[in-house]
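This report refers to the structure that appears directly beneath it.
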Amino acid sequence: MWRLMPWWRDAVLYQIYPRSFQDSNGDGIGDLPGIVSRLDHLEWLGVDGIWLNPTMPSPNADWGYDVADYCDVHPDYGTLADLDRLVGEAGRRGIRVLLDLVPNHTSDRHPWFAESRRSAASSKRDWYVWADRPNNWRSAFGGPAWTLDERTGQYYLHNFLAEQPDLNWWSQGVRDAFDDVLRFWFQRGIAGFRIDVAHAIVKDRQLRDDPPVIDSAHPVERREKLARVHSMNRPETHDVLRRWRSLAERYDPPRLLLGETYVMDVRRLATYYGADADELQLAFNFPFVHASLDPAELAPLVAEAESHLPESAWPVWTGSNHDAGRFATRWCRGDERLVRCALVLLLCLRGTAVLYYGDEIGLPQTPLRREDLRDPVGIRRWPEDEGRDGGRTPMHWSREEGAGFTAPGVRPWLPLGDVAACNVADQRDDPGSTLAFSRRLIALRRELPELREGAYARVDAPHGVWAWTRGQTVGVALNLGRRRAKLPFRGRLLLSTAGDEAALPPRSAAIVALA
């Protein structure tokens, strides 16, 4: 039977970019059998679930986020049998598997779109968003969000690439088809989905222009000078999420819906949980992801989440992902002391923690040349925007040729980076390494109920220090400033990056059993 407390509330989730985790067949591309071969590492580390970036068949215009078949596996990664084996082998280790669901758009090679564009009278014409003339909506990747289909004389909507036509969620056929997709995977034992652009599924039915905006915290709105209130962020999206939540709750245990809710306002973020926590169980906090590693920026965002999330809702925290890049570089600028502070932050706040593959060893962004790029964003915008490839490069398993990711002499799909400076094998043998610290921290979280379930309360602390308690028994302090500081509470030191029981050096963290 399902526990009273859902498994994911206690969980440390681990995001895997399948093309870059482990190549099992020597083609330079990571795959599902490769992930199976590394499950022992994940079990040893102590994670509770893995989220896989898209594994479904795709032409890879946007590396899996242009889906051509929602109920199969991309041949680069293996077969449905390989995915079933991964679910089974992970389950034997107490690890659940989440997939990536892309409901906002399909590939232009999906059979649904081929039928939709066949004629204006097609049975699936209303499965996509068509218009006689374009409005002012802009693609998140730059340029107009509309492309003319010369065969039928109408324009189709694509909020991303032209190869990614947007589905029309006003169509009952689309809603029913996705119910079938969810059932297909849930019945195969998938524990849930991370839902791509969960805030953008439904579009304004009248296709009204987006209004101008002078300033915005959202990077696309800031670039395009338009507030995305009609092209995305429609209130009707919540109807779809409630429908999916109802479906997910019919399974034992209930399946998890984790949303990519790319909104830059915590109050709006809170709405995606539903007023009665009947929509997403978890919704990513992107204001937190894009803030600096500074208490003055991050602590108020945590306070807002604590204040505005529905009473029964649960936060989720991450610092890295396949779009935002790696926190070891973006937050920490390669400083290993700050990397450990960031790990303490993510794993000791109230909420579910999500680590991106390589976070556990402090893996940095990989510097790339223009000719190395595979990401359409970087290719389009170089050199102003280097794109997302630097945070998607292969995992460093060892310092040997191929980094333990692929066979020696094989060219991986993206460059490896400096494998000698940062890899699993070297850190596994070093009790003072970031990997060893990550494992101890995850184990401590599992050991102490207050670190998983205890209430968050900020504590007054010196400038540059962010301190809080979890419940009545645990205190956490990060000194992100430049001066040595006194610990703001007394007790027994449980884990520290560099301090003692009385003080924290600059760029250090401590977890204390309160006296």
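Letters A, B, ... mark the chains of the structure tokens in the order given; residue numbers begin at 1 per chain; ligand numbers begin at 1, in order shown.
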Quick check for you: according to DSSP on this backbone, which residues of region 319-430 of chain A are classed as strand (DSSP E or B)? Reply as an mmCIF file with all heavy atoms, in the first residue's frame.
```cif
data_model
loop_
_atom_site.group_PDB
_atom_site.id
_atom_site.type_symbol
_atom_site.label_atom_id
_atom_site.label_comp_id
_atom_site.auth_asym_id
_atom_site.auth_seq_id
_atom_site.Cartn_x
_atom_site.Cartn_y
_atom_site.Cartn_z
ATOM 1 N N ASN A 321 20.319 22.296 -14.318
ATOM 2 C CA ASN A 321 19.567 21.422 -15.210
ATOM 3 C C ASN A 321 20.078 21.581 -16.634
ATOM 4 O O ASN A 321 21.031 22.328 -16.887
ATOM 5 C CB ASN A 321 18.045 21.648 -15.098
ATOM 6 C CG ASN A 321 17.572 22.973 -15.658
ATOM 7 O OD1 ASN A 321 18.150 23.533 -16.590
ATOM 8 N ND2 ASN A 321 16.487 23.497 -15.095
ATOM 9 N N GLY A 325 22.087 25.088 -17.045
ATOM 10 C CA GLY A 325 23.504 24.814 -16.861
ATOM 11 C C GLY A 325 23.807 24.354 -15.446
ATOM 12 O O GLY A 325 22.909 24.055 -14.652
ATOM 13 N N THR A 352 11.673 18.686 -1.706
ATOM 14 C CA THR A 352 12.347 17.663 -2.492
ATOM 15 C C THR A 352 13.562 18.275 -3.168
ATOM 16 O O THR A 352 13.495 19.391 -3.691
ATOM 17 C CB THR A 352 11.382 17.081 -3.541
ATOM 18 O OG1 THR A 352 10.263 16.509 -2.864
ATOM 19 C CG2 THR A 352 12.051 16.037 -4.402
ATOM 20 N N ALA A 353 14.672 17.546 -3.153
ATOM 21 C CA ALA A 353 15.904 18.022 -3.790
ATOM 22 C C ALA A 353 16.104 17.308 -5.121
ATOM 23 O O ALA A 353 15.873 16.098 -5.223
ATOM 24 C CB ALA A 353 17.102 17.758 -2.880
ATOM 25 N N VAL A 354 16.543 18.058 -6.132
ATOM 26 C CA VAL A 354 16.860 17.476 -7.433
ATOM 27 C C VAL A 354 18.301 17.836 -7.785
ATOM 28 O O VAL A 354 18.651 19.016 -7.892
ATOM 29 C CB VAL A 354 15.914 17.981 -8.539
ATOM 30 C CG1 VAL A 354 16.272 17.334 -9.883
ATOM 31 C CG2 VAL A 354 14.460 17.676 -8.189
ATOM 32 N N LEU A 355 19.127 16.818 -7.951
ATOM 33 C CA LEU A 355 20.499 16.991 -8.413
ATOM 34 C C LEU A 355 20.580 16.629 -9.884
ATOM 35 O O LEU A 355 19.917 15.695 -10.349
ATOM 36 C CB LEU A 355 21.451 16.096 -7.614
ATOM 37 C CG LEU A 355 21.497 16.309 -6.099
ATOM 38 C CD1 LEU A 355 22.495 15.341 -5.464
ATOM 39 C CD2 LEU A 355 21.862 17.746 -5.756
ATOM 40 N N TYR A 356 21.396 17.362 -10.620
ATOM 41 C CA TYR A 356 21.673 17.085 -12.036
ATOM 42 C C TYR A 356 22.922 16.223 -12.103
ATOM 43 O O TYR A 356 23.849 16.419 -11.309
ATOM 44 C CB TYR A 356 21.878 18.416 -12.745
ATOM 45 C CG TYR A 356 21.981 18.397 -14.243
ATOM 46 C CD1 TYR A 356 21.158 17.608 -15.027
ATOM 47 C CD2 TYR A 356 22.898 19.229 -14.884
ATOM 48 C CE1 TYR A 356 21.235 17.645 -16.418
ATOM 49 C CE2 TYR A 356 22.991 19.282 -16.269
ATOM 50 C CZ TYR A 356 22.158 18.477 -17.032
ATOM 51 O OH TYR A 356 22.250 18.511 -18.405
#
```
Review point. Which residues in region 125-254 of chain A does DSSP call alpha helix (DSSP H)? List them as a PyMOL selection string.
Key: chain A and resi 172-186+219-224+237-248
**Study point:** Selected residue of minimal separation from Gln172 (chain A) among A:Lys124, A:Pro431, A:Ser496, A:Trp244, counting only C-alpha atoms
**Key:** A:Lys124
Exercise for review: For region 3-18 of chain A, list every protein, DNA or RNA residue within 8 Å, evaluated using only C-alpha atoms, and leave out those in the same chain fewer than 4 positions away; present the list as a ChimeraX atom specification.
Suggested key: /A:22,30-32,35,46-55,77,256,314,321-322,347,351-357,392,442,446,452-453
Check your understanding: Between A:Ala407, A:Ala436, A:Met232, A:Leu414, which one has atoms that come closest to Asp23 (chain A), using only C-alpha atoms?
Key ->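 Going through A:Ala407, A:Ala436, A:Met232, A:Leu414 one by one, the smallest distance to Asp23 (chain A) is for A:Ala407.
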Point to revise | Distance query region 78-81 of chain A at most 12 Å, only C-alpha atoms, self and fewer than 6 positions along chain excluded, as a ChimeraX atom specification | key: /A:18-19,23-25,29-36,55-57,70-72,87-88,184-185,188
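Distances from A:Ser37, A:Asn479, A:Ser122, A:Gln187 to Pro253 (chain A) were compared using only C-alpha atoms, and the smallest one belongs to A:Gln187.
Across the structure, CA of Thr318 (chain A) and CA of Asp294 (chain A) are spaced 15.1 Å apart.
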Write out as a short mmCIF file (atom, residue, chain, number, x, y, z; two decimals) with N, CA and C atoms, in the first residue's frame which residues come within 8 Å of region 61-66 of chain A when counting only C-alpha atoms, dropping same-chain ones fewer than 2 positions away.
```
data_model
loop_
_atom_site.label_atom_id
_atom_site.label_comp_id
_atom_site.auth_asym_id
_atom_site.auth_seq_id
_atom_site.Cartn_x
_atom_site.Cartn_y
_atom_site.Cartn_z
N ASN A 53 15.80 12.91 -19.09
CA ASN A 53 15.43 13.79 -20.20
C ASN A 53 14.91 12.94 -21.35
N PRO A 54 14.27 13.55 -22.36
CA PRO A 54 13.45 12.78 -23.31
C PRO A 54 14.13 11.53 -23.87
N THR A 55 13.39 10.44 -23.81
CA THR A 55 13.85 9.14 -24.32
C THR A 55 13.02 8.69 -25.52
N MET A 56 12.05 9.48 -25.93
CA MET A 56 11.11 9.06 -26.97
C MET A 56 11.67 9.33 -28.36
N PRO A 57 11.19 8.62 -29.40
CA PRO A 57 11.67 8.85 -30.76
C PRO A 57 11.54 10.32 -31.16
N SER A 58 12.58 10.83 -31.83
CA SER A 58 12.64 12.25 -32.17
C SER A 58 13.65 12.46 -33.28
N PRO A 59 13.39 13.40 -34.20
CA PRO A 59 14.42 13.79 -35.18
C PRO A 59 15.56 14.59 -34.56
N ALA A 68 8.35 12.51 -31.85
CA ALA A 68 7.69 11.93 -33.02
C ALA A 68 6.81 10.74 -32.66
N VAL A 102 6.47 15.88 -23.04
CA VAL A 102 6.50 17.14 -23.79
C VAL A 102 5.11 17.35 -24.40
N HIS A 105 4.06 20.67 -27.53
CA HIS A 105 4.32 20.59 -28.96
C HIS A 105 4.81 19.19 -29.32
N THR A 106 4.76 18.88 -30.59
CA THR A 106 5.34 17.64 -31.11
C THR A 106 6.44 17.99 -32.11
N SER A 107 7.04 16.96 -32.67
CA SER A 107 7.87 17.15 -33.86
C SER A 107 6.96 17.41 -35.06
N ASP A 108 7.48 18.15 -36.04
CA ASP A 108 6.71 18.31 -37.28
C ASP A 108 6.67 17.00 -38.07
N LEU A 161 11.01 25.93 -31.90
CA LEU A 161 11.47 25.83 -33.28
C LEU A 161 10.29 25.62 -34.23
N GLU A 163 10.22 23.38 -36.27
CA GLU A 163 10.07 21.93 -36.29
C GLU A 163 9.30 21.40 -35.08
N GLN A 164 8.78 22.32 -34.24
CA GLN A 164 8.05 21.94 -33.02
C GLN A 164 6.68 22.60 -33.00
N ASP A 375 23.28 22.37 -29.93
CA ASP A 375 22.06 23.00 -29.44
C ASP A 375 21.60 24.09 -30.41
N PRO A 376 20.33 24.06 -30.86
CA PRO A 376 19.88 25.09 -31.81
C PRO A 376 19.92 26.50 -31.25
#
```
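Proximity to region 464-468 of chain A at 8 Å, evaluated using only C-alpha atoms and with sequence-adjacent residues fewer than 2 positions away removed, yields Asp294, Pro295, Ala299, Tyr456, Ala457, Arg458, Val459, Asp460, Ala461, Pro462, Arg470, Gly475, Val476, Ala477, Leu478, Asn479, Leu480, Gly481, Arg482, Ala485 and Pro488 of chain A.
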Point to revise | Among listed residues A:Val220, A:Ala305, A:Ala275, A:Leu435, nearest Asp359 (chain A) (using only C-alpha atoms) | key: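 Closest to Asp359 (chain A), using only C-alpha atoms: A:Leu435.
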Point to revise | Atom pair CA of Gln472 (chain A) / CA of Ser438 (chain A): separation (Å) | key: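 Straight-line distance from CA of Gln472 (chain A) to CA of Ser438 (chain A) works out to 24.1 Å.
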**Study point:** Atomic separation - CA of Glu43 (chain A) relative to CA of Arg92 (chain A), Å
**Key:** 10.0 Å
